[in-house]
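I have placed the structure first, in the form of structure tokens, so that the comments after it can refer back to it.
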Amino acid sequence: MFLGMLVAAAWALTPFGPGGPHPVWAYIGKGAGSITVDRSSLVLNLFRLLGLACLFNAAWIIGASETRRRTLIWWMLLALSAFAALAIVDHVTLRSGRRLTATLLSPNSAATLMGIGVVFAVAFFSQALHRTGGRLRLERMSFDASLSLGAAAVFAVALAMTASRAGIFATVVALAVLLTWQVLAQGRKLGAVAIIGGAAALLVVIGVAMRSADLTAARLENLEGDLVVRRAIFDAHWQAFQGSPWFGFGLGSFPVVNQLIITSETLRILFDVRATHNLYLQWLEEGGIVATVLMAAWALAALWRAAREGLQPGTAGALARATVAAAVLVLIHGLSDFAVQVPALQALFVVGLGAVTAAPPSRRAPPPNTVSGFVFAGGVLFVSLLFATPLVASRFDGDMAWAPTASAEVLASSVEKDLARETKDPDIQKRMLARAEREVALRPASGGAWLRMAAVQFQRGDVDAANAALDHSLSVAPLQTSLFESRARLAYEHWPLLTPAVRQQVMYQARTEFARGRGPRRLTALANSIRDPAGRIGLAFLIVSERAKQQQAKAAPQ
């Protein structure tokens, strides 16, 4: 099932789809093109999936022993509780932000992690209660029970401090699933104790984290406005998905697709969006229906194995029940967040799922084939290193763009370094051009790739090619805010050399940016920094014209 999903995701590298290659490949002028708009990101994400498969296989080998399985998950829980505690301290003492992010960049992603921690900590505590016959006596509480209860409290406080509405809701649902299943598996008496204890713990957490509760309540008041924003994101990307429904635009292509579909009406919402905030929609948009169905089938098969294990007594069954409950949490929160897209959380989820879904040898299941697993992992490691080494070198200011496996990001970094020299050396210019051509051949829908190509061509003195590249950059990403300053600077520095069509596109984005927050100040600073007299005057005239329009609009009767 995994190989089928992998083939379906990789199929976007080919041009063989219902609609053929994406139209943006016509800008390259050679080759058959691809269904995807970003070959580089797709290839890297395929290797990420292979790496996750290796983690899953390793966890599956460990989980074949119930003792090793419990030990692995227990120590992971303790490590994550320490991480959560440090995140709370860091948030309160250093960051002092409104919502806890725990280095995951998004409070909602942190909420998913903390919610899962709550679920597993409660599962361990419930099992400790079960071993004592369901009698909760603090003086007789075991060390494991104390640790799991403390971990649950830490995770719950961290969850409250994220102020994630959907994260808290999904965690409550997951706890309900877990505790209900525990009731059925262990008896009514213990179930009542577990439910009452869980409710009391939640009340304590809310009392301790009143500031976070107030923040969550305030965010709930803004729920309607946030729903409007999410709806706008969903609508725009649902329409994008319909443009390539079967095989999508390629894994990892969301940033490029997002810039392709931005209009003046959606710019306010989509200009800095990093994900669709809906796991299922993003998988459909990037992987298409075929890969999404296969991925869902694989996940459901894995969860079915965990659910069957959850019918067994003992700690192994409790961990399986916690896994299913945590999966419910992730799937519910996935309706409004992208935690599953975060690489660190992907690795964590895969390790947990792999450990729990491994059938122990005592159940007469065949032992895992470690030889084939190591061969597979070794092959993935070798090939991944070929692609990862240039990326690592680029992060440390090295340059391995000459490598055939260099990704688009590595090529972009190399081109920008050479452009900064402003050299007339023909060898360096030739190298820049070759690497810029390789980058646009990997992702022709990237406005930044075409902008670098335009800068290279201007530096080489090929005005026609520079105009064509700048035109392509403006066509694929006409309103990309992150490119505005660099693209406008390049255009106005070469204003007399631009074609009328390119000038119109440049002025269109400049007018749009002028109307946004701090637009007049940004454009004025940009105009003062332009060295070309014609370009500086042209941008100054545009600013004066837009200010006059704004004043006329204010003076007009309502």
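Just so we're on the same page: first chain in the structure tokens is A, next is B, and so on; residues restart at 1 for each chain, and ligands are numbered from 1 in the order they show up.
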### Message
I'd like the neighbourhood of Ala240 (chain A) as a PyMOL selection string, where a residue qualifies if any of its atoms comes within 9 Å (using only C-alpha atoms), though same-chain residues fewer than 2 positions away should be ignored.
### Response
chain A and resi 235-238+242-245+257-258+261+285
Selected residues written out with all heavy atoms, as an mmCIF file, in the first residue's frame:
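Just written: result32.cif:
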```
data_model
loop_
_atom_site.group_PDB
_atom_site.id
_atom_site.type_symbol
_atom_site.label_atom_id
_atom_site.label_comp_id
_atom_site.auth_asym_id
_atom_site.auth_seq_id
_atom_site.Cartn_x
_atom_site.Cartn_y
_atom_site.Cartn_z
ATOM 1 N N ASP A 235 -11.723 27.989 -0.121
ATOM 2 C CA ASP A 235 -12.362 28.195 -1.423
ATOM 3 C C ASP A 235 -11.319 28.376 -2.524
ATOM 4 O O ASP A 235 -11.420 27.788 -3.608
ATOM 5 C CB ASP A 235 -13.287 29.420 -1.380
ATOM 6 C CG ASP A 235 -14.546 29.156 -0.562
ATOM 7 O OD1 ASP A 235 -14.813 27.980 -0.262
ATOM 8 O OD2 ASP A 235 -15.248 30.126 -0.233
ATOM 9 N N ALA A 236 -10.310 29.203 -2.236
ATOM 10 C CA ALA A 236 -9.278 29.465 -3.247
ATOM 11 C C ALA A 236 -8.517 28.195 -3.599
ATOM 12 O O ALA A 236 -8.264 27.909 -4.781
ATOM 13 C CB ALA A 236 -8.318 30.543 -2.743
ATOM 14 N N HIS A 237 -8.164 27.414 -2.595
ATOM 15 C CA HIS A 237 -7.361 26.219 -2.871
ATOM 16 C C HIS A 237 -8.221 25.040 -3.323
ATOM 17 O O HIS A 237 -7.704 24.122 -3.970
ATOM 18 C CB HIS A 237 -6.512 25.875 -1.649
ATOM 19 C CG HIS A 237 -5.325 26.772 -1.505
ATOM 20 N ND1 HIS A 237 -4.155 26.569 -2.189
ATOM 21 C CD2 HIS A 237 -5.154 27.919 -0.801
ATOM 22 C CE1 HIS A 237 -3.286 27.520 -1.893
ATOM 23 N NE2 HIS A 237 -3.870 28.356 -1.051
ATOM 24 N N TRP A 238 -9.497 25.048 -3.007
ATOM 25 C CA TRP A 238 -10.374 24.036 -3.577
ATOM 26 C C TRP A 238 -10.488 24.238 -5.089
ATOM 27 O O TRP A 238 -10.475 23.270 -5.855
ATOM 28 C CB TRP A 238 -11.746 24.093 -2.923
ATOM 29 C CG TRP A 238 -12.739 23.134 -3.527
ATOM 30 C CD1 TRP A 238 -13.758 23.425 -4.376
ATOM 31 C CD2 TRP A 238 -12.761 21.708 -3.351
ATOM 32 N NE1 TRP A 238 -14.432 22.281 -4.737
ATOM 33 C CE2 TRP A 238 -13.850 21.210 -4.119
ATOM 34 C CE3 TRP A 238 -11.991 20.812 -2.616
ATOM 35 C CZ2 TRP A 238 -14.163 19.856 -4.168
ATOM 36 C CZ3 TRP A 238 -12.310 19.474 -2.671
ATOM 37 C CH2 TRP A 238 -13.379 19.002 -3.433
ATOM 38 N N GLN A 242 -9.193 21.640 -8.182
ATOM 39 C CA GLN A 242 -10.005 21.230 -9.323
ATOM 40 C C GLN A 242 -9.265 21.410 -10.645
ATOM 41 O O GLN A 242 -9.628 20.795 -11.643
ATOM 42 C CB GLN A 242 -11.307 22.030 -9.339
ATOM 43 C CG GLN A 242 -12.232 21.680 -8.182
ATOM 44 C CD GLN A 242 -13.466 22.551 -8.135
ATOM 45 O OE1 GLN A 242 -13.418 23.742 -8.427
ATOM 46 N NE2 GLN A 242 -14.601 21.957 -7.774
ATOM 47 N N GLY A 243 -8.208 22.218 -10.648
ATOM 48 C CA GLY A 243 -7.416 22.372 -11.861
ATOM 49 C C GLY A 243 -6.544 21.166 -12.160
ATOM 50 O O GLY A 243 -6.131 20.968 -13.306
ATOM 51 N N SER A 244 -6.204 20.367 -11.147
ATOM 52 C CA SER A 244 -5.402 19.149 -11.336
ATOM 53 C C SER A 244 -5.833 18.125 -10.301
ATOM 54 O O SER A 244 -5.109 17.832 -9.338
ATOM 55 C CB SER A 244 -3.905 19.464 -11.197
ATOM 56 O OG SER A 244 -3.115 18.318 -11.416
ATOM 57 N N PRO A 245 -7.031 17.565 -10.447
ATOM 58 C CA PRO A 245 -7.619 16.771 -9.371
ATOM 59 C C PRO A 245 -7.016 15.385 -9.172
ATOM 60 O O PRO A 245 -6.989 14.881 -8.044
ATOM 61 C CB PRO A 245 -9.091 16.678 -9.775
ATOM 62 C CG PRO A 245 -9.079 16.798 -11.269
ATOM 63 C CD PRO A 245 -7.950 17.720 -11.588
ATOM 64 N N VAL A 257 1.878 27.044 -5.649
ATOM 65 C CA VAL A 257 0.479 27.095 -6.076
ATOM 66 C C VAL A 257 -0.231 28.284 -5.438
ATOM 67 O O VAL A 257 -1.033 28.968 -6.085
ATOM 68 C CB VAL A 257 -0.238 25.780 -5.710
ATOM 69 C CG1 VAL A 257 -1.727 25.870 -6.028
ATOM 70 C CG2 VAL A 257 0.387 24.610 -6.462
ATOM 71 N N ASN A 258 0.082 28.560 -4.183
ATOM 72 C CA ASN A 258 -0.566 29.676 -3.489
ATOM 73 C C ASN A 258 -0.288 31.000 -4.201
ATOM 74 O O ASN A 258 -1.181 31.857 -4.321
ATOM 75 C CB ASN A 258 -0.073 29.741 -2.045
ATOM 76 C CG ASN A 258 -0.860 30.713 -1.204
ATOM 77 O OD1 ASN A 258 -2.068 30.586 -1.028
ATOM 78 N ND2 ASN A 258 -0.193 31.724 -0.678
ATOM 79 N N ILE A 261 -2.337 31.433 -7.541
ATOM 80 C CA ILE A 261 -3.776 31.683 -7.509
ATOM 81 C C ILE A 261 -4.152 32.979 -6.806
ATOM 82 O O ILE A 261 -5.331 33.330 -6.749
ATOM 83 C CB ILE A 261 -4.506 30.515 -6.819
ATOM 84 C CG1 ILE A 261 -4.104 30.412 -5.339
ATOM 85 C CG2 ILE A 261 -4.223 29.201 -7.528
ATOM 86 C CD1 ILE A 261 -4.873 29.365 -4.568
ATOM 87 N N GLU A 285 -4.736 18.725 -2.943
ATOM 88 C CA GLU A 285 -4.117 19.692 -3.841
ATOM 89 C C GLU A 285 -2.717 19.261 -4.264
ATOM 90 O O GLU A 285 -2.337 19.420 -5.422
ATOM 91 C CB GLU A 285 -4.050 21.060 -3.166
ATOM 92 C CG GLU A 285 -3.484 22.162 -4.052
ATOM 93 C CD GLU A 285 -3.461 23.500 -3.353
ATOM 94 O OE1 GLU A 285 -2.514 23.746 -2.573
ATOM 95 O OE2 GLU A 285 -4.375 24.304 -3.572
#
```
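Among the candidates A:Val229, A:Ile537, A:Ile73, A:Val273, the one nearest to Val256 (chain A) when counting only C-alpha atoms is A:Val273.
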### Task
Return the single residue from A:Leu474, A:Met295, A:Ala8, A:Ala393 that is closest to Ile262 (chain A), with distances computed using only C-alpha atoms.
A:Leu474
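Atom pair CA of Val506 (chain A) / CA of Val440 (chain A) has a distance of 20.5 Å (rounded to one decimal).
Interatomic distance, CA of Ala553 (chain A) to CA of Ile269 (chain A): 23.9 Å.
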### Message
So that I can check the surroundings of Ala185 (chain A), please list as a PyMOL selection string every protein, DNA and RNA residue that reaches within 10 Å of it, counting only C-alpha atoms and ignoring chain neighbours fewer than 3 positions away.
### Response
chain A and resi 179-182+188+190-191+310-314+317-318+321
Take the residues from that selection and put them in a file with N, CA, C and O atoms, as a PDB file, in the first residue's frame.
```pdb
ATOM      1  N   LEU A 179     -11.151   7.298  27.364  1.00  0.00           N
ATOM      2  CA  LEU A 179     -11.732   6.923  28.654  1.00  0.00           C
ATOM      3  C   LEU A 179     -12.929   5.999  28.488  1.00  0.00           C
ATOM      4  O   LEU A 179     -13.129   5.077  29.288  1.00  0.00           O
ATOM      5  N   THR A 180     -13.728   6.249  27.456  1.00  0.00           N
ATOM      6  CA  THR A 180     -14.864   5.361  27.204  1.00  0.00           C
ATOM      7  C   THR A 180     -14.382   3.948  26.882  1.00  0.00           C
ATOM      8  O   THR A 180     -14.921   2.947  27.372  1.00  0.00           O
ATOM      9  N   TRP A 181     -13.340   3.872  26.054  1.00  0.00           N
ATOM     10  CA  TRP A 181     -12.791   2.562  25.689  1.00  0.00           C
ATOM     11  C   TRP A 181     -12.169   1.889  26.907  1.00  0.00           C
ATOM     12  O   TRP A 181     -12.281   0.668  27.091  1.00  0.00           O
ATOM     13  N   GLN A 182     -11.518   2.686  27.736  1.00  0.00           N
ATOM     14  CA  GLN A 182     -10.960   2.126  28.961  1.00  0.00           C
ATOM     15  C   GLN A 182     -12.058   1.592  29.877  1.00  0.00           C
ATOM     16  O   GLN A 182     -11.892   0.557  30.541  1.00  0.00           O
ATOM     17  N   ARG A 188     -16.615  -0.892  34.838  1.00  0.00           N
ATOM     18  CA  ARG A 188     -17.295   0.368  35.122  1.00  0.00           C
ATOM     19  C   ARG A 188     -16.675   1.127  36.290  1.00  0.00           C
ATOM     20  O   ARG A 188     -16.601   2.345  36.280  1.00  0.00           O
ATOM     21  N   LEU A 190     -13.581   1.240  37.556  1.00  0.00           N
ATOM     22  CA  LEU A 190     -12.367   1.951  37.172  1.00  0.00           C
ATOM     23  C   LEU A 190     -12.687   3.067  36.192  1.00  0.00           C
ATOM     24  O   LEU A 190     -12.107   4.144  36.235  1.00  0.00           O
ATOM     25  N   GLY A 191     -13.659   2.798  35.287  1.00  0.00           N
ATOM     26  CA  GLY A 191     -14.020   3.836  34.320  1.00  0.00           C
ATOM     27  C   GLY A 191     -14.546   5.069  35.016  1.00  0.00           C
ATOM     28  O   GLY A 191     -14.204   6.195  34.648  1.00  0.00           O
ATOM     29  N   GLY A 310      -6.068  -2.923  20.473  1.00  0.00           N
ATOM     30  CA  GLY A 310      -6.726  -2.267  21.598  1.00  0.00           C
ATOM     31  C   GLY A 310      -7.778  -3.115  22.270  1.00  0.00           C
ATOM     32  O   GLY A 310      -8.235  -2.794  23.372  1.00  0.00           O
ATOM     33  N   LEU A 311      -8.183  -4.200  21.637  1.00  0.00           N
ATOM     34  CA  LEU A 311      -9.143  -5.110  22.249  1.00  0.00           C
ATOM     35  C   LEU A 311      -8.488  -6.029  23.265  1.00  0.00           C
ATOM     36  O   LEU A 311      -9.185  -6.737  24.011  1.00  0.00           O
ATOM     37  N   GLN A 312      -7.140  -6.034  23.300  1.00  0.00           N
ATOM     38  CA  GLN A 312      -6.426  -6.925  24.212  1.00  0.00           C
ATOM     39  C   GLN A 312      -6.294  -6.277  25.592  1.00  0.00           C
ATOM     40  O   GLN A 312      -6.269  -5.041  25.722  1.00  0.00           O
ATOM     41  N   PRO A 313      -6.170  -7.049  26.638  1.00  0.00           N
ATOM     42  CA  PRO A 313      -5.970  -6.495  27.985  1.00  0.00           C
ATOM     43  C   PRO A 313      -4.526  -6.061  28.182  1.00  0.00           C
ATOM     44  O   PRO A 313      -3.650  -6.336  27.359  1.00  0.00           O
ATOM     45  N   GLY A 314      -4.285  -5.407  29.300  1.00  0.00           N
ATOM     46  CA  GLY A 314      -2.928  -5.042  29.653  1.00  0.00           C
ATOM     47  C   GLY A 314      -2.490  -3.707  29.069  1.00  0.00           C
ATOM     48  O   GLY A 314      -3.239  -2.998  28.391  1.00  0.00           O
ATOM     49  N   GLY A 317      -2.629  -3.195  25.190  1.00  0.00           N
ATOM     50  CA  GLY A 317      -3.945  -2.802  24.706  1.00  0.00           C
ATOM     51  C   GLY A 317      -4.246  -1.346  25.006  1.00  0.00           C
ATOM     52  O   GLY A 317      -4.842  -0.633  24.192  1.00  0.00           O
ATOM     53  N   ALA A 318      -3.833  -0.871  26.198  1.00  0.00           N
ATOM     54  CA  ALA A 318      -4.071   0.530  26.561  1.00  0.00           C
ATOM     55  C   ALA A 318      -3.317   1.468  25.633  1.00  0.00           C
ATOM     56  O   ALA A 318      -3.833   2.518  25.220  1.00  0.00           O
ATOM     57  N   ARG A 321      -5.134   1.628  22.412  1.00  0.00           N
ATOM     58  CA  ARG A 321      -6.321   2.478  22.533  1.00  0.00           C
ATOM     59  C   ARG A 321      -5.926   3.956  22.539  1.00  0.00           C
ATOM     60  O   ARG A 321      -6.603   4.792  21.937  1.00  0.00           O
TER      61      ARG A 321
END
```
### Task
Show which residues sit within 7 Å of region 32-39 of chain A, as a list in words. Count only C-alpha atoms, and ignore same-chain residues fewer than 3 positions away.
Ala12, Leu13, Thr14, Pro15, Gly17, Gly20, Pro21, His22, Trp25, Leu42, Val43, Phe249, Gly250, Ser253, Leu442, Arg443, Pro444 and Ala445 of chain A
Residue selection dump (C-alpha atoms) as a PDB file, in the first residue's frame:
```
ATOM      1  CA  ALA A  12       3.239  13.958 -10.982  1.00  0.00           C
ATOM      2  CA  LEU A  13       6.854  14.032 -12.216  1.00  0.00           C
ATOM      3  CA  THR A  14       5.589  12.684 -15.529  1.00  0.00           C
ATOM      4  CA  PRO A  15       3.452  14.516 -18.116  1.00  0.00           C
ATOM      5  CA  GLY A  17      -2.179  12.847 -16.734  1.00  0.00           C
ATOM      6  CA  GLY A  20      -1.138  16.652 -19.553  1.00  0.00           C
ATOM      7  CA  PRO A  21       1.747  18.743 -18.197  1.00  0.00           C
ATOM      8  CA  HIS A  22       0.969  21.982 -16.416  1.00  0.00           C
ATOM      9  CA  TRP A  25       6.134  24.308 -18.513  1.00  0.00           C
ATOM     10  CA  LEU A  42       8.314  16.807  -5.022  1.00  0.00           C
ATOM     11  CA  VAL A  43      11.556  14.817  -5.136  1.00  0.00           C
ATOM     12  CA  PHE A 249       0.432  19.720  -8.263  1.00  0.00           C
ATOM     13  CA  GLY A 250       3.117  17.680  -6.506  1.00  0.00           C
ATOM     14  CA  SER A 253       4.105  22.556  -4.099  1.00  0.00           C
ATOM     15  CA  LEU A 442      12.940  22.405 -11.754  1.00  0.00           C
ATOM     16  CA  ARG A 443      10.191  24.875 -10.781  1.00  0.00           C
ATOM     17  CA  PRO A 444       8.958  27.041 -13.663  1.00  0.00           C
ATOM     18  CA  ALA A 445       6.003  28.268 -11.601  1.00  0.00           C
TER      19      ALA A 445
END
```
### Query
Quick one: DSSP helix (DSSP H, G or I) residues in region 13-135 of chain A, as a ChimeraX atom specification?
/A:13,23-27,39-63,66-95,107-131
### Query
What is the CA of Ala79 (chain A) to CA of Ala326 (chain A) distance in Å?
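Going from CA of Ala79 (chain A) over to CA of Ala326 (chain A), I get 17.6 Å.
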Residues within 9 Å of Thr101 (chain A), please, as an mmCIF file with N, CA, C and O atoms, in the first residue's frame. Count only C-alpha atoms; anything in the same chain fewer than 6 positions from it doesn't count.
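Output (selection_22.cif):
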```cif
data_model
loop_
_atom_site.group_PDB
_atom_site.id
_atom_site.type_symbol
_atom_site.label_atom_id
_atom_site.label_comp_id
_atom_site.auth_asym_id
_atom_site.auth_seq_id
_atom_site.Cartn_x
_atom_site.Cartn_y
_atom_site.Cartn_z
ATOM 1 N N ALA A 87 9.126 24.346 27.211
ATOM 2 C CA ALA A 87 8.383 25.270 26.349
ATOM 3 C C ALA A 87 7.565 26.252 27.179
ATOM 4 O O ALA A 87 7.477 27.444 26.852
ATOM 5 N N HIS A 91 8.245 30.185 27.201
ATOM 6 C CA HIS A 91 7.161 31.075 26.795
ATOM 7 C C HIS A 91 6.899 32.146 27.850
ATOM 8 O O HIS A 91 6.683 33.318 27.521
ATOM 9 N N PRO A 107 1.148 27.843 17.063
ATOM 10 C CA PRO A 107 0.518 27.372 18.301
ATOM 11 C C PRO A 107 -0.406 26.180 18.063
ATOM 12 O O PRO A 107 -0.533 25.317 18.936
ATOM 13 N N ASN A 108 -1.040 26.130 16.899
ATOM 14 C CA ASN A 108 -1.945 25.021 16.617
ATOM 15 C C ASN A 108 -1.183 23.705 16.471
ATOM 16 O O ASN A 108 -1.663 22.648 16.901
ATOM 17 N N SER A 109 -0.009 23.746 15.854
ATOM 18 C CA SER A 109 0.810 22.538 15.762
ATOM 19 C C SER A 109 1.273 22.096 17.145
ATOM 20 O O SER A 109 1.290 20.900 17.457
ATOM 21 N N ALA A 110 1.647 23.073 17.984
ATOM 22 C CA ALA A 110 2.030 22.738 19.353
ATOM 23 C C ALA A 110 0.854 22.124 20.102
ATOM 24 O O ALA A 110 1.026 21.200 20.905
ATOM 25 N N ALA A 111 -0.358 22.605 19.826
ATOM 26 C CA ALA A 111 -1.543 22.063 20.493
ATOM 27 C C ALA A 111 -1.753 20.595 20.143
ATOM 28 O O ALA A 111 -2.143 19.790 21.003
ATOM 29 N N MET A 161 -2.131 26.901 27.155
ATOM 30 C CA MET A 161 -1.377 28.107 26.805
ATOM 31 C C MET A 161 -1.257 28.309 25.303
ATOM 32 O O MET A 161 -0.926 29.401 24.851
ATOM 33 N N THR A 162 -1.503 27.264 24.512
ATOM 34 C CA THR A 162 -1.546 27.475 23.059
ATOM 35 C C THR A 162 -2.812 28.209 22.637
ATOM 36 O O THR A 162 -2.857 28.800 21.568
#
```
Would you mind listing what lies within 12 Å of Ser413 (chain A) as a CSV table (one decimal) with C-alpha atoms, in the first residue's frame, with only C-alpha atoms counted and same-chain residues fewer than 2 positions away left out?
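result.csv, written as the output of this step:
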```csv
chain,number,residue,atom,x,y,z
A,390,PRO,CA,24.2,20.1,-1.1
A,391,LEU,CA,21.4,21.4,1.1
A,393,ALA,CA,26.5,22.8,2.5
A,394,SER,CA,24.3,25.6,1.4
A,395,ARG,CA,23.0,26.1,5.0
A,396,PHE,CA,26.6,26.6,6.1
A,397,ASP,CA,27.5,29.1,3.4
A,398,GLY,CA,29.0,26.4,1.2
A,399,ASP,CA,28.3,25.9,-2.5
A,400,MET,CA,27.6,22.5,-4.0
A,401,ALA,CA,25.3,23.8,-6.8
A,406,ALA,CA,21.4,20.0,-6.0
A,407,SER,CA,17.9,21.1,-5.2
A,408,ALA,CA,16.2,24.3,-6.5
A,409,GLU,CA,17.0,26.0,-3.1
A,410,VAL,CA,20.7,25.3,-3.4
A,411,LEU,CA,20.8,26.6,-7.0
A,415,VAL,CA,22.9,32.3,-8.1
A,416,GLU,CA,22.1,35.0,-5.5
A,417,LYS,CA,25.7,34.9,-4.2
A,418,ASP,CA,27.1,35.4,-7.7
A,419,LEU,CA,24.6,38.2,-8.4
A,420,ALA,CA,25.7,40.0,-5.3
A,432,MET,CA,25.1,31.9,-13.1
A,435,ARG,CA,22.4,27.4,-12.6
A,436,ALA,CA,19.5,29.8,-13.1
A,439,GLU,CA,16.4,26.2,-11.3
A,448,GLY,CA,11.6,33.9,-7.5
A,449,ALA,CA,13.3,31.5,-9.9
A,452,ARG,CA,16.8,35.5,-10.6
```
### Task
Extract, using only C-alpha atoms, all DNA, RNA and protein residues at most 12 Å from Val7 (chain A), discarding same-chain residues fewer than 6 positions from it, and format them as a list in words.
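Skipping anything fewer than 6 positions along the chain leaves Met1, Leu13, Thr14, Val43, Leu46, Leu49, Leu50, Phe247, Gly287, Val290, Ala291, Thr292, Leu294 and Met295 of chain A.
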Can you write just those residues out, C-alpha atoms, as a PDB file, in the first residue's frame?
```pdb
ATOM      1  CA  MET A   1       0.000   0.000   0.000  1.00  0.00           C
ATOM      2  CA  LEU A  13       6.854  14.032 -12.216  1.00  0.00           C
ATOM      3  CA  THR A  14       5.589  12.684 -15.529  1.00  0.00           C
ATOM      4  CA  VAL A  43      11.556  14.817  -5.136  1.00  0.00           C
ATOM      5  CA  LEU A  46       9.383  11.667  -1.794  1.00  0.00           C
ATOM      6  CA  LEU A  49       8.314   9.768   2.803  1.00  0.00           C
ATOM      7  CA  LEU A  50      10.991   7.120   2.352  1.00  0.00           C
ATOM      8  CA  PHE A 247      -2.450  13.700  -9.410  1.00  0.00           C
ATOM      9  CA  GLY A 287      -1.066  14.591  -4.143  1.00  0.00           C
ATOM     10  CA  VAL A 290      -5.159   8.923  -6.358  1.00  0.00           C
ATOM     11  CA  ALA A 291      -2.356   9.490  -3.827  1.00  0.00           C
ATOM     12  CA  THR A 292      -4.790  10.776  -1.191  1.00  0.00           C
ATOM     13  CA  LEU A 294      -3.982   5.384  -1.169  1.00  0.00           C
ATOM     14  CA  MET A 295      -2.593   7.363   1.766  1.00  0.00           C
TER      15      MET A 295
END
```
